[in-house]
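Novice: Sharing a structure below in structure tokens format, with a few things to ask.
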Amino acid sequence: MAPVVGIVANPVSARDIRRVVANATSLQIADRANILLRVLAALHACGVRDVLMMPENGGIRAHVERGLMRARGNGASRGEDIYPALHTVSMPVTGTVADTHRATAEMRRAGVSALVVLGGDGTHRAVAAECGTVPIAGISTGTNNAFPEHREPTITGLATGLVVTGRVPPHIAFAANKRIDVSLAGGATGTTVTEMALVDVALVTERYIGARALWRTENFRELYVTFADPEVIGMSAIAGLLEPVGRDESGGLMVRLSPDGTSRKGITTLNAPIAPGMMARVGVTDWRRMPAGVAFVPEVTAGSVALDGERELSFTERDRLSLTLRDDAFRTVNVAAVMRHAGQNRLLTGTPVPVAADF
């Protein structure tokens, strides 16, 4: 069967309070549509003829369809078509994260070969929760973009197209990714809630969810990360500036934070970029490695849990909270490795690499 690529484009990513308090811009709908058009052109160049897209009411699809119509008009006289056919998942639109969950699940059941995702850490987390074994190709269009790598979307589209058309071996095409599973057992209700994070779990003293985005560091108490990258923005930056942990390493890092960023005995003071253009002084009491498969029980007894930068759960002294990091939790398209392989093997020239002569 010909490969079909799924597309999840979040029309409202990068619009939380951190964009207001920091010197950051938001991508307009037309910008997101232009990103998709670049991805679609690259997919078509690799032989992908059909894509399945999540429906939304933000206007991305309408802008994309206008671009497709202009391209068909310009190429009609020459019999050219530079984009795949665009199909939409049949489902109601709620304008919430439930749309991403449902669309991803529907695309997985429809048999898509890969999922191209436009959004930040939260959008990618929602997709990863439902994608199963379908690989993700992430494009950063959110506020905190620690998980999706920053790259020209055309290249992401090319790599995805090469992978789904079978021109790259699986051991090169895909990268394994970690996640943190969060279990909250309610002492009063007797029920257990499970969630997951792709990059970080932060425990804060504020009990209310309210404005879900994290940006007030005086409330931070504990931080758990799947990888610690000093080049990213957000909670993961705190860990990355203490002890870097790679995406391809087993395990992560746990950091305990003090109530303020003042320097005193036993406290390490760190200046960290917690949002675009926003530096914060963070007091750190200690940090240690977080091995995969080991359940961590936090010292914080009450507050709220932020997953990938957004508060999602609240807990009290009667609840039991535990966090466990999982290696090899889901797959992504390894864009860098794929494009290196494409260059080494001239995959986009149609001419095979000559076999070296034996001497």
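By convention here, the chains of the structure tokens are called A, B, ... in the order presented, each chain's residues are numbered starting at 1, and ligands are numbered starting at 1 in the order presented.
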Can you pull out every residue within 9 Å of range 122-124 of chain A, counting only C-alpha atoms, but drop anything in the same chain fewer than 2 positions away, and send it as a PyMOL selection string?
Specialist: chain A and resi 8-10+13+97+100+117-120+126-129+136+138+142+144-145+147-148+197-198+307-310
Novice: Can I get the selected residues back with N, CA and C atoms, as an mmCIF file, in the first residue's frame?
Specialist:
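Result file result_4.cif:
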```
data_model
loop_
_atom_site.group_PDB
_atom_site.id
_atom_site.type_symbol
_atom_site.label_atom_id
_atom_site.label_comp_id
_atom_site.auth_asym_id
_atom_site.auth_seq_id
_atom_site.Cartn_x
_atom_site.Cartn_y
_atom_site.Cartn_z
ATOM 1 N N VAL A 8 -0.702 16.639 12.442
ATOM 2 C CA VAL A 8 -1.374 17.282 13.579
ATOM 3 C C VAL A 8 -0.772 18.672 13.711
ATOM 4 N N ALA A 9 -1.578 19.693 13.433
ATOM 5 C CA ALA A 9 -1.112 21.082 13.513
ATOM 6 C C ALA A 9 -1.959 21.817 14.543
ATOM 7 N N ASN A 10 -1.344 22.195 15.657
ATOM 8 C CA ASN A 10 -2.051 22.885 16.732
ATOM 9 C C ASN A 10 -2.194 24.366 16.377
ATOM 10 N N SER A 13 -1.031 26.728 19.726
ATOM 11 C CA SER A 13 0.211 26.614 20.485
ATOM 12 C C SER A 13 0.918 27.965 20.502
ATOM 13 N N VAL A 97 -7.414 19.924 23.806
ATOM 14 C CA VAL A 97 -6.399 18.902 23.568
ATOM 15 C C VAL A 97 -7.032 17.561 23.210
ATOM 16 N N THR A 100 -6.519 16.609 19.620
ATOM 17 C CA THR A 100 -5.222 16.010 19.281
ATOM 18 C C THR A 100 -5.206 14.533 19.651
ATOM 19 N N VAL A 117 4.063 16.668 13.331
ATOM 20 C CA VAL A 117 3.387 17.401 14.397
ATOM 21 C C VAL A 117 3.912 18.831 14.452
ATOM 22 N N LEU A 118 2.999 19.803 14.421
ATOM 23 C CA LEU A 118 3.338 21.219 14.600
ATOM 24 C C LEU A 118 2.816 21.649 15.962
ATOM 25 N N GLY A 119 3.717 22.031 16.857
ATOM 26 C CA GLY A 119 3.304 22.463 18.179
ATOM 27 C C GLY A 119 4.497 22.510 19.109
ATOM 28 N N GLY A 120 4.228 22.723 20.383
ATOM 29 C CA GLY A 120 5.281 22.737 21.390
ATOM 30 C C GLY A 120 5.318 21.426 22.148
ATOM 31 N N ALA A 126 0.670 15.156 23.788
ATOM 32 C CA ALA A 126 -0.660 14.633 23.478
ATOM 33 C C ALA A 126 -0.606 13.621 22.337
ATOM 34 N N VAL A 127 0.224 13.876 21.346
ATOM 35 C CA VAL A 127 0.366 12.937 20.229
ATOM 36 C C VAL A 127 1.045 11.655 20.691
ATOM 37 N N ALA A 128 2.112 11.796 21.476
ATOM 38 C CA ALA A 128 2.858 10.623 21.943
ATOM 39 C C ALA A 128 1.994 9.716 22.803
ATOM 40 N N ALA A 129 0.997 10.271 23.464
ATOM 41 C CA ALA A 129 0.121 9.464 24.311
ATOM 42 C C ALA A 129 -0.748 8.512 23.498
ATOM 43 N N ILE A 136 6.954 9.865 15.166
ATOM 44 C CA ILE A 136 6.621 11.291 15.143
ATOM 45 C C ILE A 136 7.763 12.077 14.490
ATOM 46 N N GLY A 138 8.633 15.918 14.592
ATOM 47 C CA GLY A 138 8.195 17.131 15.271
ATOM 48 C C GLY A 138 8.729 18.410 14.650
ATOM 49 N N GLY A 142 5.651 26.008 19.297
ATOM 50 C CA GLY A 142 5.038 26.306 20.583
ATOM 51 C C GLY A 142 5.842 27.318 21.378
ATOM 52 N N ASN A 144 7.375 26.479 24.781
ATOM 53 C CA ASN A 144 8.514 25.646 25.158
ATOM 54 C C ASN A 144 8.677 24.566 24.099
ATOM 55 N N ASN A 145 9.802 24.597 23.398
ATOM 56 C CA ASN A 145 10.049 23.643 22.333
ATOM 57 C C ASN A 145 11.281 22.815 22.656
ATOM 58 N N PHE A 147 11.255 19.542 23.304
ATOM 59 C CA PHE A 147 11.184 18.229 22.648
ATOM 60 C C PHE A 147 11.357 18.326 21.133
ATOM 61 N N PRO A 148 10.548 19.110 20.406
ATOM 62 C CA PRO A 148 10.746 19.164 18.950
ATOM 63 C C PRO A 148 12.011 19.947 18.611
ATOM 64 N N ALA A 197 4.907 12.659 30.701
ATOM 65 C CA ALA A 197 5.609 13.844 30.228
ATOM 66 C C ALA A 197 6.746 13.394 29.314
ATOM 67 N N LEU A 198 7.002 14.172 28.276
ATOM 68 C CA LEU A 198 8.084 13.852 27.347
ATOM 69 C C LEU A 198 9.408 14.470 27.775
ATOM 70 N N LEU A 307 3.296 19.103 33.717
ATOM 71 C CA LEU A 307 3.827 18.178 32.735
ATOM 72 C C LEU A 307 4.257 18.960 31.506
ATOM 73 N N ASP A 308 5.550 18.905 31.192
ATOM 74 C CA ASP A 308 6.089 19.638 30.034
ATOM 75 C C ASP A 308 5.693 21.114 30.062
ATOM 76 N N GLY A 309 5.780 21.712 31.262
ATOM 77 C CA GLY A 309 5.593 23.151 31.395
ATOM 78 C C GLY A 309 4.189 23.619 31.681
ATOM 79 N N GLU A 310 3.207 22.694 31.799
ATOM 80 C CA GLU A 310 1.830 23.101 32.055
ATOM 81 C C GLU A 310 1.251 22.318 33.227
#
```
Novice: Based on the backbone DSSP call, show me all residues of range 27-78 of chain A assigned strand (DSSP E or B), as a ChimeraX atom specification.
Specialist: /A:50-53
Novice: For those residues, write all heavy atoms to a file as a tab-separated table (two decimals), in the first residue's frame.
Specialist:
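So the final result, stored in out_39.tsv, reads:
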```
chain	number	residue	atom	x	y	z
A	50	ASP	N	-0.71	11.03	-0.43
A	50	ASP	CA	-1.87	11.31	0.41
A	50	ASP	C	-1.45	11.64	1.82
A	50	ASP	O	-0.56	10.98	2.38
A	50	ASP	CB	-2.81	10.09	0.44
A	50	ASP	CG	-3.46	9.82	-0.90
A	50	ASP	OD1	-4.46	10.50	-1.22
A	50	ASP	OD2	-2.95	8.94	-1.63
A	51	VAL	N	-2.09	12.65	2.41
A	51	VAL	CA	-1.87	12.99	3.81
A	51	VAL	C	-3.23	13.10	4.49
A	51	VAL	O	-4.24	13.44	3.87
A	51	VAL	CB	-1.08	14.31	4.00
A	51	VAL	CG1	0.29	14.21	3.35
A	51	VAL	CG2	-1.84	15.49	3.44
A	52	LEU	N	-3.24	12.79	5.78
A	52	LEU	CA	-4.46	12.84	6.59
A	52	LEU	C	-4.23	13.85	7.70
A	52	LEU	O	-3.28	13.73	8.48
A	52	LEU	CB	-4.73	11.44	7.16
A	52	LEU	CG	-6.04	11.20	7.91
A	52	LEU	CD1	-7.24	11.53	7.02
A	52	LEU	CD2	-6.10	9.75	8.38
A	53	MET	N	-5.11	14.84	7.78
A	53	MET	CA	-4.87	15.98	8.67
A	53	MET	C	-5.93	16.07	9.76
A	53	MET	O	-7.11	15.78	9.54
A	53	MET	CB	-4.85	17.27	7.85
A	53	MET	CG	-4.53	18.53	8.62
A	53	MET	SD	-4.39	19.96	7.49
A	53	MET	CE	-4.16	21.28	8.69
```
Novice: When distances are computed from only C-alpha atoms, which of A:Asp121, A:Gly252, A:Val232, A:Asn57 shows the smallest separation from Gly277 in chain A?
Specialist: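 Once distances to Gly277 in chain A are computed over only C-alpha atoms, the minimum belongs to A:Val232.
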Novice: Just give me the gap between CA of Arg331 in chain A and CA of Val134 in chain A in Å, one decimal is fine.
Specialist: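 For CA of Arg331 in chain A relative to CA of Val134 in chain A, the distance reads 7.1 Å.
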Novice: Would you mind listing, for every residue of range 239-348 of chain A within 8 Å of range 162-182 of chain A, the two atoms forming the shortest contact and the distance between them in Å to one decimal, using only C-alpha atoms, sorted by chain and ascending residue number, as a tab-separated table?
Specialist:
```
residue	atom	partner	partner_atom	distance
A:Arg247	CA	A:Asn177	CA	7.0
A:Asp248	CA	A:Ala176	CA	7.4
A:Gly251	CA	A:Lys178	CA	7.9
A:Leu321	CA	A:Val182	CA	7.3
A:Ser322	CA	A:Val182	CA	6.0
A:Leu323	CA	A:Val182	CA	4.7
A:Thr324	CA	A:Asp181	CA	5.2
A:Leu325	CA	A:Ile180	CA	4.3
A:Arg326	CA	A:Arg179	CA	5.4
A:Asp327	CA	A:Lys178	CA	4.6
A:Asp328	CA	A:Ala176	CA	4.9
A:Ala329	CA	A:Lys178	CA	5.3
A:Phe330	CA	A:Asn177	CA	5.5
A:Arg331	CA	A:Ala176	CA	4.9
A:Thr332	CA	A:Ala175	CA	5.3
A:Val333	CA	A:Phe174	CA	4.7
A:Asn334	CA	A:Phe174	CA	5.0
A:Val335	CA	A:Ala173	CA	7.6
A:Ala337	CA	A:Ile172	CA	6.1
A:Val338	CA	A:Ala173	CA	5.6
A:His341	CA	A:Val168	CA	7.5
A:Ala342	CA	A:Val168	CA	7.9
A:Leu347	CA	A:Arg167	CA	7.6
```
